[in-house]
Amino acid sequence: MGDKSYKPIACGLHENYQYAVIKGRLLDLSWQADDGALHQGRLLPVDVYTREGAEYLSAETREGEALEIRLDRITQARWAADGRLLDP
């Protein structure tokens with residue numbers, strides 16, 4: 001049983017999320033939540049993992065709020081340090 005609506009992301013982009021977790025690099029992300037609401041924020045990635053056939057980024061806001069973002073719902077990802085887009 002898995003999430004059949006999940007659309008896998010490019011391997012290079014997935015690796016960049018993992019790199020951000022390992023190195024503790026802040027990301028500026030835009031994403032769509034499960035309810036369709038659009039969000040933006042500077043986040044500290046904590047983990048990248050798979051659950052029920054979909055991949056997720058666990059991250060924290062500056063205020064310490066824990067977020068879980070499905071990777072295929074991230075509409076834009078930039079390195080916070082220099083504004084460059086994460087390469088796919």
# chains A, B, ... in the order shown; residues from 1 in each chain; ligands from 1
>>> residues_around(residues="range 58-62 of chain A", least_positions_apart="5", cutoff="12 Å", atoms="only C-alpha atoms", output="list in words")
Tyr17, Gln18, Ala20, Val21, Gly24, Arg25, Leu26, Leu27, Asp28, Leu29, His39, Gln40, Gly41, Arg42, Leu43, Leu44, Pro45, Val46, Asp47, Val48, Tyr49, Thr50, Arg51, Leu67, Glu68, Ile69, Arg70 and Leu71 of chain A
>>> write_last_selection(atoms="N, CA, C and O atoms", output="JSON list (two decimals), in the first residue's frame")
[["chain", "number", "residue", "atom", "x", "y", "z"],
["A", 17, "TYR", "N", 18.59, 17.68, -0.97],
["A", 17, "TYR", "CA", 17.87, 17.73, 0.31],
["A", 17, "TYR", "C", 18.66, 16.96, 1.38],
["A", 17, "TYR", "O", 18.79, 17.42, 2.52],
["A", 18, "GLN", "N", 19.18, 15.79, 1.01],
["A", 18, "GLN", "CA", 19.97, 15.01, 1.96],
["A", 18, "GLN", "C", 21.24, 15.76, 2.38],
["A", 18, "GLN", "O", 21.61, 15.76, 3.55],
["A", 20, "ALA", "N", 21.63, 19.00, 2.48],
["A", 20, "ALA", "CA", 21.20, 20.09, 3.36],
["A", 20, "ALA", "C", 20.99, 19.57, 4.79],
["A", 20, "ALA", "O", 21.34, 20.25, 5.75],
["A", 21, "VAL", "N", 20.44, 18.37, 4.91],
["A", 21, "VAL", "CA", 20.23, 17.77, 6.23],
["A", 21, "VAL", "C", 21.58, 17.50, 6.89],
["A", 21, "VAL", "O", 21.83, 17.90, 8.04],
["A", 24, "GLY", "N", 23.43, 20.77, 7.66],
["A", 24, "GLY", "CA", 22.70, 21.76, 8.44],
["A", 24, "GLY", "C", 22.51, 23.08, 7.69],
["A", 24, "GLY", "O", 22.56, 24.15, 8.29],
["A", 25, "ARG", "N", 22.29, 23.00, 6.38],
["A", 25, "ARG", "CA", 22.14, 24.19, 5.53],
["A", 25, "ARG", "C", 20.69, 24.63, 5.48],
["A", 25, "ARG", "O", 19.78, 23.83, 5.20],
["A", 26, "LEU", "N", 20.45, 25.89, 5.70],
["A", 26, "LEU", "CA", 19.09, 26.45, 5.63],
["A", 26, "LEU", "C", 18.62, 26.48, 4.18],
["A", 26, "LEU", "O", 19.41, 26.73, 3.26],
["A", 27, "LEU", "N", 17.33, 26.25, 4.00],
["A", 27, "LEU", "CA", 16.70, 26.30, 2.68],
["A", 27, "LEU", "C", 15.54, 27.29, 2.72],
["A", 27, "LEU", "O", 14.83, 27.38, 3.72],
["A", 28, "ASP", "N", 15.36, 27.99, 1.62],
["A", 28, "ASP", "CA", 14.16, 28.81, 1.42],
["A", 28, "ASP", "C", 13.23, 28.00, 0.52],
["A", 28, "ASP", "O", 13.57, 27.73, -0.64],
["A", 29, "LEU", "N", 12.11, 27.57, 1.07],
["A", 29, "LEU", "CA", 11.20, 26.69, 0.35],
["A", 29, "LEU", "C", 9.84, 27.32, 0.12],
["A", 29, "LEU", "O", 9.36, 28.10, 0.95],
["A", 39, "HIS", "N", 2.64, 27.81, 1.04],
["A", 39, "HIS", "CA", 3.49, 28.28, 2.14],
["A", 39, "HIS", "C", 4.88, 28.61, 1.62],
["A", 39, "HIS", "O", 5.32, 28.07, 0.61],
["A", 40, "GLN", "N", 5.56, 29.49, 2.35],
["A", 40, "GLN", "CA", 6.94, 29.83, 2.08],
["A", 40, "GLN", "C", 7.64, 29.95, 3.41],
["A", 40, "GLN", "O", 7.03, 30.36, 4.40],
["A", 41, "GLY", "N", 8.93, 29.60, 3.43],
["A", 41, "GLY", "CA", 9.66, 29.80, 4.66],
["A", 41, "GLY", "C", 11.11, 29.41, 4.56],
["A", 41, "GLY", "O", 11.51, 28.67, 3.67],
["A", 42, "ARG", "N", 11.88, 29.96, 5.48],
["A", 42, "ARG", "CA", 13.28, 29.57, 5.63],
["A", 42, "ARG", "C", 13.30, 28.46, 6.67],
["A", 42, "ARG", "O", 12.87, 28.67, 7.81],
["A", 43, "LEU", "N", 13.78, 27.29, 6.26],
["A", 43, "LEU", "CA", 13.69, 26.11, 7.10],
["A", 43, "LEU", "C", 15.04, 25.43, 7.28],
["A", 43, "LEU", "O", 15.89, 25.48, 6.39],
["A", 44, "LEU", "N", 15.19, 24.77, 8.41],
["A", 44, "LEU", "CA", 16.34, 23.93, 8.68],
["A", 44, "LEU", "C", 15.91, 22.48, 8.44],
["A", 44, "LEU", "O", 15.08, 21.95, 9.17],
["A", 45, "PRO", "N", 16.44, 21.84, 7.39],
["A", 45, "PRO", "CA", 16.09, 20.45, 7.12],
["A", 45, "PRO", "C", 16.64, 19.54, 8.23],
["A", 45, "PRO", "O", 17.78, 19.72, 8.67],
["A", 46, "VAL", "N", 15.83, 18.59, 8.67],
["A", 46, "VAL", "CA", 16.20, 17.69, 9.75],
["A", 46, "VAL", "C", 16.36, 16.26, 9.25],
["A", 46, "VAL", "O", 17.26, 15.53, 9.68],
["A", 47, "ASP", "N", 15.52, 15.84, 8.30],
["A", 47, "ASP", "CA", 15.57, 14.46, 7.80],
["A", 47, "ASP", "C", 14.84, 14.37, 6.46],
["A", 47, "ASP", "O", 13.95, 15.17, 6.18],
["A", 48, "VAL", "N", 15.25, 13.41, 5.66],
["A", 48, "VAL", "CA", 14.55, 13.05, 4.43],
["A", 48, "VAL", "C", 14.21, 11.57, 4.59],
["A", 48, "VAL", "O", 15.08, 10.76, 4.91],
["A", 49, "TYR", "N", 12.95, 11.21, 4.40],
["A", 49, "TYR", "CA", 12.54, 9.83, 4.63],
["A", 49, "TYR", "C", 11.38, 9.44, 3.73],
["A", 49, "TYR", "O", 10.73, 10.30, 3.12],
["A", 50, "THR", "N", 11.13, 8.15, 3.68],
["A", 50, "THR", "CA", 10.03, 7.59, 2.89],
["A", 50, "THR", "C", 9.02, 6.97, 3.84],
["A", 50, "THR", "O", 9.39, 6.31, 4.82],
["A", 51, "ARG", "N", 7.73, 7.21, 3.55],
["A", 51, "ARG", "CA", 6.65, 6.61, 4.33],
["A", 51, "ARG", "C", 5.48, 6.34, 3.40],
["A", 51, "ARG", "O", 5.05, 7.25, 2.68],
["A", 67, "LEU", "N", 7.91, 20.70, 10.84],
["A", 67, "LEU", "CA", 7.09, 20.55, 9.64],
["A", 67, "LEU", "C", 7.44, 19.25, 8.93],
["A", 67, "LEU", "O", 8.57, 18.78, 9.00],
["A", 68, "GLU", "N", 6.46, 18.71, 8.24],
["A", 68, "GLU", "CA", 6.66, 17.55, 7.38],
["A", 68, "GLU", "C", 6.13, 17.94, 6.00],
["A", 68, "GLU", "O", 4.95, 18.26, 5.87],
["A", 69, "ILE", "N", 7.01, 17.95, 5.01],
["A", 69, "ILE", "CA", 6.64, 18.42, 3.68],
["A", 69, "ILE", "C", 6.90, 17.30, 2.68],
["A", 69, "ILE", "O", 8.02, 16.78, 2.60],
["A", 70, "ARG", "N", 5.87, 16.95, 1.93],
["A", 70, "ARG", "CA", 6.05, 15.93, 0.89],
["A", 70, "ARG", "C", 6.91, 16.52, -0.23],
["A", 70, "ARG", "O", 6.66, 17.64, -0.68],
["A", 71, "LEU", "N", 7.95, 15.81, -0.63],
["A", 71, "LEU", "CA", 8.92, 16.35, -1.57],
["A", 71, "LEU", "C", 8.31, 16.78, -2.90],
["A", 71, "LEU", "O", 8.74, 17.78, -3.48]]
>>> select_by_dssp(residues="chain A", states="strand (DSSP E)", output="number ranges by chain")
A: 27-32, 38-51, 54-60, 66-70, 74-79
>>> residues_around(residues="range 84-87 of chain A", least_positions_apart="2", cutoff="12 Å", atoms="only C-alpha atoms", output="ChimeraX atom specification")
/A:9-20,25-30,74-82
>>> write_last_selection(atoms="N, CA and C atoms", output="CSV table (one decimal), in the first residue's frame")
chain,number,residue,atom,x,y,z
A,9,ILE,N,10.7,12.7,-7.3
A,9,ILE,CA,11.4,13.9,-7.7
A,9,ILE,C,12.8,13.4,-8.3
A,10,ALA,N,13.5,14.3,-9.0
A,10,ALA,CA,14.8,14.0,-9.6
A,10,ALA,C,15.8,13.6,-8.5
A,11,CYS,N,16.6,12.6,-8.9
A,11,CYS,CA,17.6,12.1,-7.9
A,11,CYS,C,18.5,13.2,-7.4
A,12,GLY,N,19.0,14.0,-8.3
A,12,GLY,CA,19.9,15.1,-7.9
A,12,GLY,C,19.2,16.0,-6.9
A,13,LEU,N,18.0,16.3,-7.0
A,13,LEU,CA,17.3,17.2,-6.1
A,13,LEU,C,17.1,16.5,-4.7
A,14,HIS,N,16.8,15.2,-4.8
A,14,HIS,CA,16.7,14.4,-3.5
A,14,HIS,C,18.1,14.4,-2.8
A,15,GLU,N,19.2,14.3,-3.6
A,15,GLU,CA,20.5,14.3,-3.0
A,15,GLU,C,20.8,15.7,-2.3
A,16,ASN,N,20.3,16.7,-3.0
A,16,ASN,CA,20.5,18.1,-2.4
A,16,ASN,C,19.8,18.2,-1.1
A,17,TYR,N,18.6,17.7,-1.0
A,17,TYR,CA,17.9,17.7,0.3
A,17,TYR,C,18.7,17.0,1.4
A,18,GLN,N,19.2,15.8,1.0
A,18,GLN,CA,20.0,15.0,2.0
A,18,GLN,C,21.2,15.8,2.4
A,19,TYR,N,21.9,16.4,1.4
A,19,TYR,CA,23.1,17.2,1.7
A,19,TYR,C,22.7,18.3,2.7
A,20,ALA,N,21.6,19.0,2.5
A,20,ALA,CA,21.2,20.1,3.4
A,20,ALA,C,21.0,19.6,4.8
A,25,ARG,N,22.3,23.0,6.4
A,25,ARG,CA,22.1,24.2,5.5
A,25,ARG,C,20.7,24.6,5.5
A,26,LEU,N,20.4,25.9,5.7
A,26,LEU,CA,19.1,26.4,5.6
A,26,LEU,C,18.6,26.5,4.2
A,27,LEU,N,17.3,26.2,4.0
A,27,LEU,CA,16.7,26.3,2.7
A,27,LEU,C,15.5,27.3,2.7
A,28,ASP,N,15.4,28.0,1.6
A,28,ASP,CA,14.2,28.8,1.4
A,28,ASP,C,13.2,28.0,0.5
A,29,LEU,N,12.1,27.6,1.1
A,29,LEU,CA,11.2,26.7,0.3
A,29,LEU,C,9.8,27.3,0.1
A,30,SER,N,9.2,26.9,-1.0
A,30,SER,CA,7.8,27.2,-1.3
A,30,SER,C,7.2,25.8,-1.5
A,74,ILE,N,6.9,20.4,-3.0
A,74,ILE,CA,7.8,21.6,-2.9
A,74,ILE,C,7.9,22.2,-4.3
A,75,THR,N,7.4,23.5,-4.4
A,75,THR,CA,7.4,24.1,-5.7
A,75,THR,C,8.6,24.9,-6.1
A,76,GLN,N,9.4,25.3,-5.0
A,76,GLN,CA,10.7,25.9,-5.3
A,76,GLN,C,11.6,25.7,-4.0
A,77,ALA,N,12.9,25.5,-4.3
A,77,ALA,CA,13.8,25.3,-3.2
A,77,ALA,C,15.1,26.0,-3.6
A,78,ARG,N,15.5,26.9,-2.7
A,78,ARG,CA,16.8,27.7,-2.8
A,78,ARG,C,17.6,27.5,-1.6
A,79,TRP,N,19.0,27.6,-1.9
A,79,TRP,CA,19.9,27.6,-0.7
A,79,TRP,C,19.8,29.0,-0.1
A,80,ALA,N,19.5,29.1,1.2
A,80,ALA,CA,19.3,30.3,1.9
A,80,ALA,C,20.6,31.2,1.8
A,81,ALA,N,21.7,30.6,1.8
A,81,ALA,CA,23.0,31.3,1.9
A,81,ALA,C,23.2,32.2,0.7
A,82,ASP,N,22.8,31.8,-0.5
A,82,ASP,CA,23.1,32.6,-1.7
A,82,ASP,C,21.9,32.7,-2.7
